[in-house]
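Here the structure is laid out as structure tokens; the discussion comes afterwards.
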Amino acid sequence: MNKLKILNDPIYGFITIPNSLIFDLIEHKYFQRLRRITQMGMSYLVYPGAHHTRFHHAIGCMHLMQKAVNVLRFKGVDISEDEEIALNIAILLHDIGHGPFSHAMEHSIVNGISHEQISLLFMEQLNDEFNGSLTLAISIFKGEYHRNFMCQLISSQLDMDRADYLKRDSFYTGVAEGNINSERLITMLSVVDDELVVENKGIYSVEKFLVARRLMYWQVYLHKTSVVAEQLLIRVLKRAKELSHNNVDLVASRALSYFLKTEFNATNFDTQTLETFSNLDDYDIISAMKEWQYHDDFVLRNLCEMILNRDLLKIKVKQKKIKKSELKAKEKELMSTFNISEAEADYFVFKGEITNQAYQQNGPQIKILYKSGKIEDIVKASDQLNLKALSKPVTKYYICYPKAKL
């Protein structure tokens with residue numbers, strides 16, 4: 001069987017699967033599940049085109065990694081065939097641990113374990129199945145490999161993950177401000193003292209990348225409607241879990257029922273749990289909500305109806321912290337109108353905050369390499385004054401509450 005397949009991607013055109021091991025990993029049911037996990041969670045309620053999946057994104061990241069390896073080799077960086085395969089595997093599987101709608105699971109029915117930790121569990125399971133051929137990829141993914149620049153290609157402030165998702169999410173949402181030139185960014189990469197650097201010819205591409213990241217966060221990822229929709233989904237799952245713990249019967253898939261009835265965290269997330277998690281995707285949640293919208297429980301019924309019919313809570317975003325008195329007033333109004341308890345009202349009236357920081361100066365920096373050999377942080381190297389501003393976190397505060405009637 002020919003395993004050197006070619007895929008047609010709307011962003012990059014033809015993408016080649018480089019070897020039979022990667023083909024077999026893509027064919028595996030754990031990876032195929034990513035076709036059923038939306039890349040951008042509930043953002044499709046704002047941007048109707050944002051229905052692309054984690055599968056798209058992972059394949060795109062692998063394509064960019066192949067480009068990066070070719071560029072670095074051309075510039076004299078020694079990368080063995082084993083290291084190349086490991087880099088492709090690590091970036092291909094970096095998001096394999098995401099739950100339904102990408103981030104909602106982490107804040108509701110699975111607590112104390114991140115999608116990165118679950119990705120690692122999947123990789124270790126696959127490593128057993130593939131006779132240890134993922135060992136090097138796991139070492140790079142964990143940031144433990146002795147060649148630091150390889151770990152930076154997987155996870156840093158200018159990694160293949162960000163290089164793909166900004167361009168891809170921009171394409172599918174139609175938000176042109178996020179469209180970065182990932183090809184040029186990758187072409188300008190180099191390695192000095194085992195650190196990833198960008199040649200100074202690429203400084204404007206890096207500036208554009210950081211500005212695009214800031215704009216995509218405010219305009220897309222932290223769009224107020226996306227924020228309230230994701231919060232509602234988190235609350236649907238929390239309420240379903242609460243009802244399940246109180247022995248209320250809920251119609252749900254086998255996999256979803258398993259997670260609703262039991263508390264899971266990093267300590268008890270065993271092989272059986274991982275196998276059940278691998279059967280959980282967006283379809284479990286959507287089909288459950290379609291049933292739950294008719295449930296007797298006031299909270300669950302209304303939350304599900306809101307999401308399914310896109311009749312969401314009102315959300316106000318402010319520069320200053322939300323006063324407790326404002327929250328309590330909205331809560332009391334809801335309690336008296338529908339004769340519900342404070343605990344039930346909390347599901348519909350709540351506050352929170354959103355933070356946007358396009359560049360972290362105190363973390364591993366994006367380094368610019370000059371022809372003289374001098375290396376400088378992008379903020380110092382750039383003549384664009386607002387890059388310094390981009391490295392400061394900007395926090396906004398929001399309050400959510402029902403419209404005139406539920």
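Chain lettering (A, B, ...) mirrors the order of the structure tokens, residue numbering begins at 1 for each chain separately, and ligand numbering begins at 1 in order of display.
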**OP:** Run DSSP on the backbone of this structure and report the residues of stretch 2-146 of chain A it assigns to strand (DSSP E or B), as a list of chain:residue names.
**Re:**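 Put together, the selection reads A:Ile6, A:Leu7, A:Asn8, A:Asp9, A:Gly13, A:Phe14, A:Ile15, A:Thr16, A:Thr38, A:Thr53, A:Gly99, A:Ser102.
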Next item on the list: For A:Lys321, work out the shell of residues within 12 Å, counting only C-alpha atoms and skipping chain neighbours fewer than 2 positions away, then give it as an MDAnalysis selection string.
Entry: chainID A and resid 316:319 323:327 351:354 395:399
Just the residues within 12 Å of stretch 74-80 of chain A, please, counting only C-alpha atoms, with nothing from its chain fewer than 2 positions along; format it as a ChimeraX atom specification.
-> /A:66-72,82-87,136,147,149-150,187-196,199
What are the closest atom pairs, with distances in Å to one decimal, for all residues of stretch 11-55 of chain A lying within 8 Å of stretch 276-288 of chain A? Consider only C-alpha atoms, order rows by chain and residue number, and present the result as a tab-separated table.
residue	atom	partner	partner_atom	distance
A:Tyr30	CA	A:Ser278	CA	6.0
A:Arg33	CA	A:Ser278	CA	7.1
A:Arg36	CA	A:Asp281	CA	5.8
A:Ile37	CA	A:Asp282	CA	5.6
A:Thr38	CA	A:Asp282	CA	7.2
Quick one: write out the picked residues with all heavy atoms as a JSON list (two decimals), in the first residue's frame?
[["chain", "number", "residue", "atom", "x", "y", "z"],
["A", 30, "TYR", "N", -7.20, 7.62, 17.25],
["A", 30, "TYR", "CA", -6.98, 8.76, 18.15],
["A", 30, "TYR", "C", -6.83, 10.04, 17.34],
["A", 30, "TYR", "O", -7.34, 11.10, 17.72],
["A", 30, "TYR", "CB", -5.72, 8.56, 19.00],
["A", 30, "TYR", "CG", -5.80, 7.49, 20.05],
["A", 30, "TYR", "CD1", -4.64, 7.03, 20.69],
["A", 30, "TYR", "CD2", -7.01, 6.92, 20.43],
["A", 30, "TYR", "CE1", -4.68, 6.03, 21.67],
["A", 30, "TYR", "CE2", -7.08, 5.92, 21.41],
["A", 30, "TYR", "CZ", -5.90, 5.48, 22.01],
["A", 30, "TYR", "OH", -5.95, 4.50, 22.98],
["A", 33, "ARG", "N", -10.05, 11.16, 15.32],
["A", 33, "ARG", "CA", -11.02, 11.84, 16.19],
["A", 33, "ARG", "C", -10.93, 13.36, 16.04],
["A", 33, "ARG", "O", -11.94, 14.07, 16.19],
["A", 33, "ARG", "CB", -10.72, 11.43, 17.64],
["A", 33, "ARG", "CG", -11.41, 12.25, 18.71],
["A", 33, "ARG", "CD", -10.98, 11.78, 20.10],
["A", 33, "ARG", "NE", -11.32, 12.77, 21.10],
["A", 33, "ARG", "CZ", -10.52, 13.78, 21.45],
["A", 33, "ARG", "NH1", -9.33, 13.93, 20.89],
["A", 33, "ARG", "NH2", -10.91, 14.64, 22.37],
["A", 36, "ARG", "N", -13.41, 15.53, 14.37],
["A", 36, "ARG", "CA", -14.69, 15.81, 15.03],
["A", 36, "ARG", "C", -14.52, 16.78, 16.20],
["A", 36, "ARG", "O", -15.38, 16.87, 17.07],
["A", 36, "ARG", "CB", -15.32, 14.49, 15.50],
["A", 36, "ARG", "CG", -15.51, 13.48, 14.37],
["A", 36, "ARG", "CD", -16.27, 12.25, 14.82],
["A", 36, "ARG", "NE", -15.61, 11.50, 15.88],
["A", 36, "ARG", "CZ", -14.65, 10.60, 15.69],
["A", 36, "ARG", "NH1", -14.21, 10.33, 14.46],
["A", 36, "ARG", "NH2", -14.12, 9.96, 16.71],
["A", 37, "ILE", "N", -13.37, 17.48, 16.22],
["A", 37, "ILE", "CA", -13.12, 18.50, 17.25],
["A", 37, "ILE", "C", -12.92, 19.85, 16.55],
["A", 37, "ILE", "O", -11.98, 20.03, 15.78],
["A", 37, "ILE", "CB", -11.86, 18.17, 18.10],
["A", 37, "ILE", "CG1", -11.95, 16.79, 18.72],
["A", 37, "ILE", "CG2", -11.62, 19.27, 19.14],
["A", 37, "ILE", "CD1", -12.86, 16.66, 19.91],
["A", 38, "THR", "N", -13.81, 20.80, 16.81],
["A", 38, "THR", "CA", -13.71, 22.11, 16.17],
["A", 38, "THR", "C", -12.47, 22.84, 16.67],
["A", 38, "THR", "O", -12.22, 22.89, 17.87],
["A", 38, "THR", "CB", -14.95, 22.97, 16.51],
["A", 38, "THR", "OG1", -16.12, 22.18, 16.30],
["A", 38, "THR", "CG2", -15.03, 24.20, 15.65]]
Give me, as a count of residues only, all polymer residues having an atom no more than 9 Å from A:Ser182, counting only C-alpha atoms and skipping those fewer than 5 positions away in the same chain. 8
Could you name the residues that touch A:Asn356 at 7 Å or less, counting only C-alpha atoms, but leaving out those on the same chain fewer than 4 positions away, as a ChimeraX atom specification? /A:214,217,393-395
Can those selected residues be exported to a file as a compact mmCIF listing (two decimals), in the first residue's frame so that it contains C-alpha atoms?
# COMPACT_ATOMS: atom_id res chain seq x y z
CA ARG A 214 -3.09 40.82 19.08
CA TYR A 217 -7.31 37.75 20.02
CA PRO A 393 -1.04 42.43 29.23
CA VAL A 394 -4.33 44.23 28.62
CA THR A 395 -7.21 43.04 30.79
Residue neighbourhood stretch 177-180 of chain A, 7 Å, only C-alpha atoms, exclusion window fewer than 4 positions, as a list of chain:residue names = A:Leu166, A:Lys167, A:Ser170, A:Lys208, A:Phe209, A:Ala212, A:Arg213, A:Leu215, A:Met216
**Prompt:** DSSP says alpha helix (DSSP H) for which residues of stretch 222-405 of chain A? Put them as a PyMOL selection string?
**Reply:** chain A and resi 224-245+254-261+271-277+282-292+298-308+324-338+342-345+378-381+386-390
Of A:Leu369, A:Ala229, A:Ala329, A:Val248, the one sitting nearest A:Leu303 when using only C-alpha atoms is A:Ala229
Check: Restricting the calculation to only C-alpha atoms, which member of A:Ser257, A:Ser102, A:Ser382, A:Thr53 is positioned closest to A:Ile234?
Finding: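 Comparing A:Ser257, A:Ser102, A:Ser382, A:Thr53 against A:Ile234, the winner is A:Ser102.
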Please provide the set of residues having any atom within 12 Å of stretch 154-158 of chain A, restricted to only C-alpha atoms, with same-chain residues fewer than 6 positions apart removed, written as a PyMOL selection string. chain A and resi 58+61-62+64-65+68+86-95+116+137-145+148+164-166+182+185-186+188-189+195-198+205-207+209-210+213+357-368+377-378+391
